[in-house]
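What follows is the content of input_29.json (JSON, C-alpha atoms).
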[["chain", "number", "residue", "atom", "x", "y", "z"],
["A", 286, "MET", "CA", 19.13, -14.69, -12.56],
["A", 287, "ARG", "CA", 21.65, -13.84, -9.84],
["A", 288, "TRP", "CA", 19.22, -12.51, -7.29],
["A", 289, "LYS", "CA", 20.26, -14.16, -4.03],
["A", 290, "GLY", "CA", 21.98, -12.01, -1.44],
["A", 291, "ARG", "CA", 20.64, -8.74, -2.86],
["A", 292, "ARG", "CA", 18.41, -6.14, -1.22],
["A", 293, "GLN", "CA", 14.81, -7.12, -0.65],
["A", 294, "SER", "CA", 12.01, -4.59, -0.86],
["A", 295, "ASP", "CA", 10.04, -3.64, 2.22],
["A", 296, "ASN", "CA", 7.04, -2.91, -0.02],
["A", 297, "VAL", "CA", 5.79, -6.49, 0.06],
["A", 298, "GLU", "CA", 2.61, -7.30, 1.94],
["A", 299, "ASP", "CA", 2.12, -11.01, 2.55],
["A", 300, "MET", "CA", -1.59, -11.78, 2.84],
["A", 301, "ARG", "CA", -1.20, -15.52, 2.50],
["A", 302, "GLY", "CA", -2.67, -17.21, 5.52],
["A", 303, "SER", "CA", -4.65, -14.11, 6.52],
["A", 304, "SER", "CA", -8.37, -14.33, 7.19],
["A", 305, "GLY", "CA", -9.40, -13.48, 3.66],
["A", 306, "GLY", "CA", -12.45, -15.72, 3.65],
["A", 307, "GLY", "CA", -15.78, -14.50, 2.42],
["A", 308, "PHE", "CA", -14.42, -13.12, -0.83],
["A", 309, "GLY", "CA", -16.32, -13.97, -3.96],
["A", 310, "ARG", "CA", -14.91, -16.86, -5.93],
["A", 311, "GLY", "CA", -13.46, -16.21, -9.35],
["A", 312, "MET", "CA", -13.34, -12.92, -11.23],
["A", 313, "PRO", "CA", -16.59, -10.93, -11.31],
["A", 314, "GLY", "CA", -17.84, -9.63, -14.63],
["A", 315, "GLY", "CA", -15.39, -6.77, -14.28],
["A", 316, "LEU", "CA", -13.48, -5.56, -11.29],
["A", 317, "GLY", "CA", -14.14, -1.98, -10.37],
["A", 318, "ARG", "CA", -11.60, 0.72, -11.23],
["A", 319, "ASN", "CA", -10.12, -1.33, -14.03],
["A", 320, "PRO", "CA", -7.36, -3.68, -12.88],
["A", 321, "ILE", "CA", -4.59, -4.41, -15.37],
["A", 322, "ARG", "CA", -3.60, -8.05, -15.39],
["A", 323, "ILE", "CA", -1.72, -10.79, -17.18],
["A", 324, "PRO", "CA", -4.25, -12.52, -19.46],
["A", 325, "MET", "CA", -5.37, -16.09, -19.14],
["A", 326, "GLY", "CA", -7.28, -15.78, -22.41],
["A", 327, "GLY", "CA", -9.76, -13.10, -23.31],
["A", 328, "ARG", "CA", -11.51, -11.08, -25.95],
["A", 329, "ALA", "CA", -11.06, -7.68, -27.45],
["A", 330, "GLY", "CA", -11.35, -6.09, -30.85],
["A", 331, "GLY", "CA", -9.73, -4.16, -33.67],
["A", 332, "GLY", "CA", -10.00, -0.52, -34.64],
["A", 333, "GLY", "CA", -8.60, 2.34, -32.57],
["A", 334, "LEU", "CA", -8.28, 6.08, -32.27],
["A", 335, "SER", "CA", -6.45, 8.11, -34.81],
["A", 336, "THR", "CA", -2.76, 8.67, -34.23],
["A", 337, "ILE", "CA", -3.15, 12.41, -33.76],
["A", 338, "ILE", "CA", -5.76, 11.96, -31.01],
["A", 339, "ILE", "CA", -3.59, 9.43, -29.22],
["A", 340, "LEU", "CA", -0.60, 11.77, -29.43],
["A", 341, "VAL", "CA", -2.55, 14.69, -27.97],
["A", 342, "VAL", "CA", -3.99, 12.56, -25.17],
["A", 343, "LEU", "CA", -0.60, 11.10, -24.25],
["A", 344, "PHE", "CA", 1.07, 14.50, -24.39],
["A", 345, "PHE", "CA", -1.36, 16.20, -22.03],
["A", 346, "ALA", "CA", -1.55, 13.19, -19.70],
["A", 347, "LEU", "CA", 2.20, 13.33, -19.19],
["A", 348, "ARG", "CA", 2.26, 17.13, -18.91],
["A", 349, "ALA", "CA", -0.43, 16.95, -16.23],
["A", 350, "CYS", "CA", 1.94, 14.77, -14.20],
["A", 351, "GLY", "CA", 4.77, 17.28, -14.55],
["A", 352, "ILE", "CA", 6.68, 15.18, -17.09],
["A", 353, "ASP", "CA", 7.99, 16.66, -20.32],
["A", 354, "PRO", "CA", 6.98, 14.05, -22.92],
["A", 355, "LEU", "CA", 9.12, 15.64, -25.61],
["A", 356, "GLN", "CA", 12.20, 15.15, -23.47],
["A", 357, "ILE", "CA", 11.25, 11.57, -22.63],
["A", 358, "LEU", "CA", 10.40, 10.57, -26.19],
["A", 359, "ALA", "CA", 13.58, 12.20, -27.44],
["A", 360, "GLY", "CA", 15.56, 10.10, -25.04],
["A", 361, "GLY", "CA", 16.34, 12.92, -22.58],
["A", 362, "ASN", "CA", 18.09, 11.74, -19.50],
["A", 363, "GLY", "CA", 15.64, 8.90, -19.10],
["A", 364, "GLY", "CA", 18.15, 6.43, -20.38],
["A", 365, "GLN", "CA", 20.59, 7.15, -17.56],
["A", 366, "VAL", "CA", 19.76, 5.18, -14.48],
["A", 367, "GLY", "CA", 21.28, 5.85, -11.12],
["A", 368, "VAL", "CA", 20.95, 3.33, -8.34],
["A", 369, "PRO", "CA", 19.74, 5.26, -5.29],
["A", 370, "GLY", "CA", 19.32, 3.63, -1.91],
["A", 371, "GLY", "CA", 16.34, 1.41, -1.18],
["A", 372, "GLY", "CA", 14.21, 3.39, 1.25],
["A", 373, "GLY", "CA", 10.95, 1.52, 0.64],
["A", 374, "GLN", "CA", 7.98, 1.99, 2.93],
["A", 375, "VAL", "CA", 7.24, -0.63, 5.54],
["A", 376, "THR", "CA", 3.79, -2.10, 4.99],
["A", 377, "GLN", "CA", 1.32, -2.88, 7.71],
["A", 378, "GLY", "CA", 0.60, -6.37, 6.46],
["A", 379, "GLN", "CA", 1.97, -9.53, 7.98],
["A", 380, "PRO", "CA", 5.75, -9.86, 8.36],
["A", 381, "ARG", "CA", 7.48, -10.99, 5.20],
["A", 382, "ALA", "CA", 7.72, -14.76, 5.09],
["A", 383, "SER", "CA", 11.09, -16.43, 4.85],
["A", 384, "ASP", "CA", 10.28, -18.83, 2.02],
["A", 385, "GLU", "CA", 12.46, -18.60, -1.06],
["A", 386, "MET", "CA", 9.66, -17.49, -3.40],
["A", 387, "THR", "CA", 8.87, -14.52, -1.17],
["A", 388, "GLN", "CA", 12.54, -13.63, -1.02],
["A", 389, "PHE", "CA", 12.72, -13.82, -4.81],
["A", 390, "VAL", "CA", 9.64, -11.63, -5.33],
["A", 391, "SER", "CA", 10.92, -9.11, -2.77],
["A", 392, "THR", "CA", 14.31, -8.98, -4.49],
["A", 393, "VAL", "CA", 12.87, -8.50, -7.97],
["A", 394, "LEU", "CA", 10.60, -5.74, -6.67],
["A", 395, "ALA", "CA", 13.64, -4.07, -5.07],
["A", 396, "GLU", "CA", 15.46, -4.22, -8.40],
["A", 397, "THR", "CA", 12.52, -2.51, -10.14],
["A", 398, "GLU", "CA", 12.56, 0.15, -7.42],
["A", 399, "ASP", "CA", 16.24, 0.87, -8.01],
["A", 400, "VAL", "CA", 15.82, 1.19, -11.77],
["A", 401, "TRP", "CA", 12.66, 3.30, -11.76],
["A", 402, "ASN", "CA", 13.91, 5.50, -8.92],
["A", 403, "GLY", "CA", 16.93, 6.19, -11.09],
["A", 404, "ILE", "CA", 14.89, 6.95, -14.21],
["A", 405, "PHE", "CA", 12.48, 9.26, -12.40],
["A", 406, "GLN", "CA", 15.33, 10.96, -10.55],
["A", 407, "ALA", "CA", 17.04, 11.67, -13.87],
["A", 408, "GLU", "CA", 13.85, 13.50, -14.92],
["A", 409, "GLY", "CA", 13.79, 15.51, -11.69],
["A", 410, "LEU", "CA", 10.86, 13.51, -10.32],
["A", 411, "LYS", "CA", 10.24, 11.30, -7.31],
["A", 412, "TYR", "CA", 9.21, 7.72, -7.94],
["A", 413, "GLU", "CA", 6.36, 6.48, -5.78],
["A", 414, "GLU", "CA", 7.15, 2.84, -5.13],
["A", 415, "PRO", "CA", 4.20, 0.43, -5.41],
["A", 416, "GLN", "CA", 3.36, -2.23, -2.89],
["A", 417, "LEU", "CA", 3.18, -5.84, -3.97],
["A", 418, "VAL", "CA", 0.57, -8.00, -2.26],
["A", 419, "LEU", "CA", 1.11, -11.75, -2.09],
["A", 420, "PHE", "CA", -2.13, -13.68, -1.70],
["A", 421, "ALA", "CA", -3.36, -17.24, -1.87],
["A", 422, "GLY", "CA", -6.61, -18.14, -3.59],
["A", 423, "GLN", "CA", -8.46, -14.86, -3.36],
["A", 424, "VAL", "CA", -7.96, -11.26, -2.35],
["A", 425, "LYS", "CA", -9.78, -7.96, -1.95],
["A", 426, "SER", "CA", -8.28, -4.87, -3.56],
["A", 427, "ALA", "CA", -9.46, -1.35, -4.30],
["A", 428, "CYS", "CA", -10.45, -2.77, -7.68],
["A", 429, "GLY", "CA", -12.76, -5.32, -6.07],
["A", 430, "PHE", "CA", -12.50, -9.04, -5.35],
["A", 431, "ALA", "CA", -10.24, -11.33, -7.32],
["A", 432, "SER", "CA", -9.22, -14.97, -7.29],
["A", 433, "SER", "CA", -5.96, -16.51, -8.40],
["A", 434, "ALA", "CA", -7.75, -17.37, -11.66],
["A", 435, "SER", "CA", -7.41, -13.72, -12.63],
["A", 436, "GLY", "CA", -3.65, -13.99, -12.84],
["A", 437, "PRO", "CA", -1.30, -11.28, -11.53],
["A", 438, "PHE", "CA", -2.79, -7.79, -11.76],
["A", 439, "TYR", "CA", -2.16, -4.16, -10.98],
["A", 440, "CYS", "CA", -4.88, -2.08, -9.35],
["A", 441, "PRO", "CA", -4.67, 1.65, -10.14],
["A", 442, "GLY", "CA", -7.09, 2.39, -7.29],
["A", 443, "ASP", "CA", -4.64, 1.45, -4.54],
["A", 444, "ARG", "CA", -1.45, 1.41, -6.65],
["A", 445, "LYS", "CA", -0.64, -2.16, -5.71],
["A", 446, "VAL", "CA", 0.51, -5.21, -7.64],
["A", 447, "TYR", "CA", -1.31, -8.42, -6.66],
["A", 448, "LEU", "CA", 0.30, -11.80, -7.11],
["A", 449, "ASP", "CA", -0.67, -15.33, -6.19],
["A", 450, "THR", "CA", 2.67, -17.06, -6.61],
["A", 451, "SER", "CA", 0.87, -20.26, -7.66],
["A", 452, "PHE", "CA", 0.65, -18.48, -11.01],
["A", 453, "PHE", "CA", 4.34, -19.18, -11.47],
["A", 454, "ASP", "CA", 3.65, -22.90, -11.15],
["A", 455, "GLN", "CA", 0.90, -22.56, -13.71],
["A", 456, "LEU", "CA", 3.20, -20.57, -15.97],
["A", 457, "ASP", "CA", 5.64, -23.46, -15.83],
["A", 458, "ARG", "CA", 3.34, -26.50, -15.98],
["A", 459, "GLN", "CA", 0.50, -25.25, -18.16],
["A", 460, "PHE", "CA", 2.23, -22.71, -20.37],
["A", 461, "GLY", "CA", 5.75, -24.10, -20.59],
["A", 462, "ALA", "CA", 7.36, -20.87, -19.41],
["A", 463, "SER", "CA", 9.78, -21.80, -16.67],
["A", 464, "GLY", "CA", 12.68, -19.94, -15.10],
["A", 465, "ASP", "CA", 13.21, -17.18, -12.58],
["A", 466, "PHE", "CA", 13.63, -14.46, -15.20],
["A", 467, "ALA", "CA", 10.32, -15.46, -16.77],
["A", 468, "GLN", "CA", 8.79, -14.85, -13.34],
["A", 469, "ALA", "CA", 10.68, -11.59, -12.99],
["A", 470, "TYR", "CA", 9.27, -10.47, -16.36],
["A", 471, "VAL", "CA", 5.73, -10.97, -15.03],
["A", 472, "ILE", "CA", 6.46, -8.79, -11.99],
["A", 473, "ALA", "CA", 8.22, -6.14, -14.07],
["A", 474, "HIS", "CA", 5.25, -6.04, -16.48],
["A", 475, "GLU", "CA", 2.84, -5.26, -13.65],
["A", 476, "VAL", "CA", 5.23, -2.62, -12.31],
["A", 477, "GLY", "CA", 5.18, -1.22, -15.85],
["A", 478, "HIS", "CA", 1.46, -0.59, -15.38],
["A", 479, "HIS", "CA", 2.33, 1.32, -12.21],
["A", 480, "ILE", "CA", 4.64, 3.54, -14.27],
["A", 481, "GLN", "CA", 1.74, 4.16, -16.65],
["A", 482, "ASN", "CA", -0.46, 5.04, -13.70],
["A", 483, "LEU", "CA", 2.06, 7.52, -12.30],
["A", 484, "THR", "CA", 2.55, 9.21, -15.67],
["A", 485, "GLY", "CA", -1.18, 9.59, -16.28],
["A", 486, "ILE", "CA", -1.48, 7.08, -19.11],
["A", 487, "LEU", "CA", -3.74, 4.64, -17.27],
["A", 488, "PRO", "CA", -6.09, 7.27, -15.81],
["A", 489, "LYS", "CA", -6.54, 8.83, -19.25],
["A", 490, "PHE", "CA", -7.10, 5.44, -20.86],
["A", 491, "ASN", "CA", -9.64, 4.42, -18.23],
["A", 492, "GLN", "CA", -11.46, 7.72, -18.75],
["A", 493, "MET", "CA", -11.40, 7.53, -22.53],
["A", 494, "ARG", "CA", -12.49, 3.92, -22.87],
["A", 495, "GLN", "CA", -15.83, 4.73, -21.29],
["A", 496, "GLN", "CA", -16.61, 6.59, -24.51],
["A", 497, "MET", "CA", -15.04, 4.07, -26.88],
["A", 498, "SER", "CA", -16.56, 1.21, -28.76],
["A", 499, "GLU", "CA", -15.40, -2.23, -27.68],
["A", 500, "ALA", "CA", -13.16, -2.46, -30.72],
["A", 501, "GLU", "CA", -11.53, 0.89, -29.98],
["A", 502, "ALA", "CA", -11.07, 0.14, -26.29],
["A", 503, "ASN", "CA", -9.51, -3.23, -26.97],
["A", 504, "GLN", "CA", -7.15, -1.87, -29.58],
["A", 505, "MET", "CA", -6.04, 0.80, -27.12],
["A", 506, "SER", "CA", -5.73, -1.86, -24.41],
["A", 507, "MET", "CA", -3.23, -3.72, -26.57],
["A", 508, "ARG", "CA", -1.09, -0.60, -26.83],
["A", 509, "VAL", "CA", -1.22, -0.14, -23.06],
["A", 510, "GLU", "CA", -0.21, -3.77, -22.44],
["A", 511, "LEU", "CA", 2.58, -3.75, -25.00],
["A", 512, "GLN", "CA", 4.01, -0.59, -23.48],
["A", 513, "ALA", "CA", 4.07, -2.35, -20.09],
["A", 514, "ASP", "CA", 6.00, -5.17, -21.78],
["A", 515, "CYS", "CA", 8.46, -2.61, -23.14],
["A", 516, "PHE", "CA", 8.83, -1.00, -19.70],
["A", 517, "ALA", "CA", 9.60, -4.48, -18.35],
["A", 518, "GLY", "CA", 12.28, -4.69, -21.02],
["A", 519, "VAL", "CA", 13.74, -1.34, -19.94],
["A", 520, "TRP", "CA", 14.05, -2.76, -16.44],
["A", 521, "GLY", "CA", 15.68, -5.89, -17.88],
["A", 522, "HIS", "CA", 18.20, -3.74, -19.74],
["A", 523, "TYR", "CA", 19.58, -2.24, -16.54],
["A", 524, "THR", "CA", 19.34, -5.52, -14.69],
["A", 525, "ALA", "CA", 21.60, -6.99, -17.36],
["A", 526, "GLN", "CA", 24.00, -4.05, -16.98],
["A", 527, "LYS", "CA", 24.34, -4.93, -13.29],
["A", 528, "GLY", "CA", 25.51, -8.38, -14.31],
["A", 529, "LEU", "CA", 22.52, -10.12, -12.74],
["A", 530, "LEU", "CA", 21.42, -12.07, -15.82],
["A", 531, "GLU", "CA", 22.68, -15.54, -16.54],
["A", 532, "GLN", "CA", 22.81, -17.44, -19.80],
["A", 533, "GLY", "CA", 19.31, -18.28, -20.92],
["A", 534, "ASP", "CA", 17.54, -15.62, -18.83],
["A", 535, "VAL", "CA", 16.54, -13.44, -21.78],
["A", 536, "GLU", "CA", 15.24, -16.49, -23.61],
["A", 537, "GLU", "CA", 13.12, -17.35, -20.54],
["A", 538, "ALA", "CA", 11.46, -13.94, -20.57],
["A", 539, "LEU", "CA", 10.91, -13.98, -24.33],
["A", 540, "ASN", "CA", 9.38, -17.44, -24.06],
["A", 541, "ALA", "CA", 7.04, -16.24, -21.31],
["A", 542, "ALA", "CA", 5.98, -13.31, -23.51],
["A", 543, "GLN", "CA", 5.35, -15.75, -26.32],
["A", 544, "GLN", "CA", 3.32, -18.15, -24.19],
["A", 545, "ILE", "CA", 0.92, -15.47, -22.92],
["A", 546, "GLY", "CA", 0.28, -13.82, -26.27],
["A", 547, "ASP", "CA", -3.40, -13.59, -27.17],
["A", 548, "ASP", "CA", -3.06, -15.80, -30.23],
["A", 549, "THR", "CA", -1.10, -18.51, -28.40],
["A", 550, "LEU", "CA", -3.53, -18.53, -25.47],
["A", 551, "GLN", "CA", -6.55, -18.78, -27.74],
["A", 552, "LYS", "CA", -5.02, -21.62, -29.74],
["A", 553, "ARG", "CA", -4.29, -23.48, -26.52],
["A", 554, "MET", "CA", -7.66, -22.89, -24.90],
["A", 555, "GLN", "CA", -10.10, -23.04, -27.79],
["A", 556, "GLY", "CA", -8.16, -24.39, -30.73],
["A", 557, "TYR", "CA", -8.53, -21.32, -32.95],
["A", 558, "VAL", "CA", -7.88, -17.60, -32.83],
["A", 559, "VAL", "CA", -10.17, -14.60, -33.17],
["A", 560, "PRO", "CA", -7.84, -11.69, -34.01],
["A", 561, "GLU", "CA", -10.49, -9.05, -33.42],
["A", 562, "SER", "CA", -10.73, -10.28, -29.83],
["A", 563, "PHE", "CA", -7.08, -9.65, -28.95],
["A", 564, "ASN", "CA", -6.57, -7.24, -26.06],
["A", 565, "HIS", "CA", -2.98, -7.82, -24.86],
["A", 566, "GLY", "CA", -1.11, -8.42, -28.09],
["A", 567, "THR", "CA", 0.05, -11.42, -30.06],
["A", 568, "SER", "CA", 3.03, -13.49, -29.00],
["A", 569, "GLU", "CA", 5.13, -11.80, -31.67],
["A", 570, "GLN", "CA", 4.08, -8.34, -30.53],
["A", 571, "ARG", "CA", 4.75, -9.04, -26.87],
["A", 572, "GLN", "CA", 8.22, -10.39, -27.65],
["A", 573, "LYS", "CA", 8.91, -7.45, -29.97],
["A", 574, "TRP", "CA", 8.10, -4.76, -27.43],
["A", 575, "PHE", "CA", 9.83, -6.48, -24.51],
["A", 576, "ALA", "CA", 12.92, -6.82, -26.71],
["A", 577, "ALA", "CA", 12.70, -3.15, -27.73],
["A", 578, "GLY", "CA", 12.97, -1.99, -24.14],
["A", 579, "LEU", "CA", 15.56, -4.62, -23.31],
["A", 580, "GLN", "CA", 17.87, -3.63, -26.14],
["A", 581, "SER", "CA", 17.70, 0.15, -25.77],
["A", 582, "GLY", "CA", 16.90, 0.81, -22.11],
["A", 583, "LYS", "CA", 15.15, 3.99, -23.28],
["A", 584, "LEU", "CA", 11.58, 5.08, -22.69],
["A", 585, "SER", "CA", 11.58, 6.51, -26.21],
["A", 586, "SER", "CA", 11.60, 2.91, -27.46],
["A", 587, "CYS", "CA", 8.27, 2.27, -25.71],
["A", 588, "ASP", "CA", 5.97, 4.65, -27.60],
["A", 589, "THR", "CA", 3.36, 2.07, -28.57],
["A", 590, "PHE", "CA", 0.78, 4.81, -29.06],
["A", 591, "ASN", "CA", 2.38, 6.49, -32.05],
["A", 592, "ASN", "CA", 4.11, 3.57, -33.73],
["A", 593, "PRO", "CA", 2.83, 0.45, -35.47],
["A", 594, "ILE", "CA", 2.53, -2.39, -32.96]]

Any chance you could put this one into structure tokens?
Amino acid sequence: MRWKGRRQSDNVEDMRGSSGGGFGRGMPGGLGRNPIRIPMGGRAGGGGLSTIIILVVLFFALRACGIDPLQILAGGNGGQVGVPGGGGQVTQGQPRASDEMTQFVSTVLAETEDVWNGIFQAEGLKYEEPQLVLFAGQVKSACGFASSASGPFYCPGDRKVYLDTSFFDQLDRQFGASGDFAQAYVIAHEVGHHIQNLTGILPKFNQMRQQMSEAEANQMSMRVELQADCFAGVWGHYTAQKGLLEQGDVEEALNAAQQIGDDTLQKRMQGYVVPESFNHGTSEQRQKWFAAGLQSGKLSSCDTFNNPI
């Protein structure tokens, strides 16, 4: 990925080296306010709500945020992306470090800002840029305490993406998913959850799953995660149009999606799969939905709620 020399986002808060001691170790039984994170394994279930209920919920969630879902799902102007100026907020965390990984993360975040600012602007809306928090070992968020074992995650409570960059080493060594565009895919996926939060999808899901059975909640969770993969693909589409992708980049992202599929993770970690426990999607599904967004660049390609996954 040709990322060097490009704009870096100011929305990066570097908490590495800060006095974050005293945080609980590992992931508690469930972080408050429902963080959305890259899986390191996990359980879920089958089942799900009827298509008509999902359609109604999604429709009113988007309408409540001032977005016309009919225009978006029909293609609308959402496929046309302008590239407005940066204009990110300056965080009050520590100054951005000068190491190459921080520069890379800041650049990828800036590229997501440009794309999503353009998409929202085309719909007559203002995109609220998320902050990305770099941490080492453990961190406190509005969703509670987390360790690096949780993997990257998005917290709807404070609208921040949290990333321990050691995950990228793990992605390479343990999961065989190397490459800068594989890493960019991970960031873009978490930003995809931010898009869902802004459009009302995550708040409605978090409200609804309190009344769902485990099987229903997990089936819906898969649809949420696969849509975030598709949104990451939409970002990749416009990144490719800028000429920033190099040969092999798409394959890196698709390989990363394959390596963190529920079925692949379960095979690696326990030697067998339990399909009813899937909550992020199989390797095939994750590749499929990332590719859908990548190929079309349209939000209408990311309707995981009303199409077979």

Can you tell me, as JSON, the centre and edge lengths (Å, one decimal) of the axis-aligned box enclosing all of stretch 401-414 of chain A's listed atoms after padding each side by 4 Å?
{"center_x": 11.7, "center_y": 9.2, "center_z": -10.0, "size_x": 18.7, "size_y": 20.7, "size_z": 17.8}

| Any idea what's packed within 7 Å of A:Asp548, counting only C-alpha atoms, ignoring anything in its chain fewer than 4 positions away? Could you give it as an MDAnalysis selection string? | chainID A and resid 552 558 567:568

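Taking atom CA of A:Pro415 and atom CA of A:Ser585 as the two end points, the separation is 22.9 Å.
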
| Mind pulling up the distance from atom CA of A:Leu487 to atom CA of A:Ala517? |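 Computing the Euclidean distance for atom CA of A:Ala517 and atom CA of A:Leu487 yields 16.2 Å.
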
| message | What does the structure give for the distance between atom CA of A:Gly518 and atom CA of A:Gln481, in Å to one decimal? | response | 14.4 Å

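The neighbours of A:Glu569 here are the residues that come within 8 Å of it, using all atoms listed in the file and leaving out any residue fewer than 4 positions away in the same chain; they are A:Gln543, A:Gly546, A:Lys573.
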
| query | Between A:Glu499, A:Asp449, A:Asp465, A:Asp588, which one has atoms that come closest to A:Leu511, using only C-alpha atoms? | reply |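 Nearest candidate to A:Leu511 out of A:Glu499, A:Asp449, A:Asp465, A:Asp588: A:Asp588.
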
| request: Go through A:Tyr447, A:Phe460, A:Phe563, A:Trp520 one by one, measure the shortest atom-to-atom distance of each to A:Gln423 using all atoms listed in the file, and give the residue with the smallest value. | output: A:Tyr447

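Counting all atoms listed in the file, the residue from A:Ile480, A:Ala502, A:Val393, A:Ala469 that sits nearest to A:Leu539 is A:Ala469.
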
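Distances from A:Gln416, A:Gln504, A:Thr392, A:Thr524 to A:Leu579 were compared using all atoms listed in the file, and the smallest one belongs to A:Thr524.
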
| request: Could you please give me, as a list in words, the residues of protein, DNA or RNA lying at most 8 Å from (13.2, -15.2, -20.3) in the coordinate frame of the file, considering only C-alpha atoms? | output: Gly464, Asp465, Phe466, Ala467, Tyr470, Gly533, Asp534, Val535, Glu536, Glu537, Ala538, Leu539, Asn540 and Ala541 of chain A

| From the list A:Asp443, A:Asp299, A:Asp547, A:Asp454, which residue is nearest A:Phe420 when using all atoms listed in the file? | A:Asp299

| query | Of the candidates A:Gly566, A:Gly556, A:Pro437, A:Gly582, which shows the shortest atom-to-atom distance to A:Ile594, using only C-alpha atoms? | reply |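 Of the candidates, the smallest distance to A:Ile594 is held by A:Gly566.
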
| Near-A:Lys527 list (12 Å; only C-alpha atoms; drop same-chain fewer than 4 positions) as a PyMOL selection string | chain A and resi 286-288+291+366-368+396+399-400+520-523+531
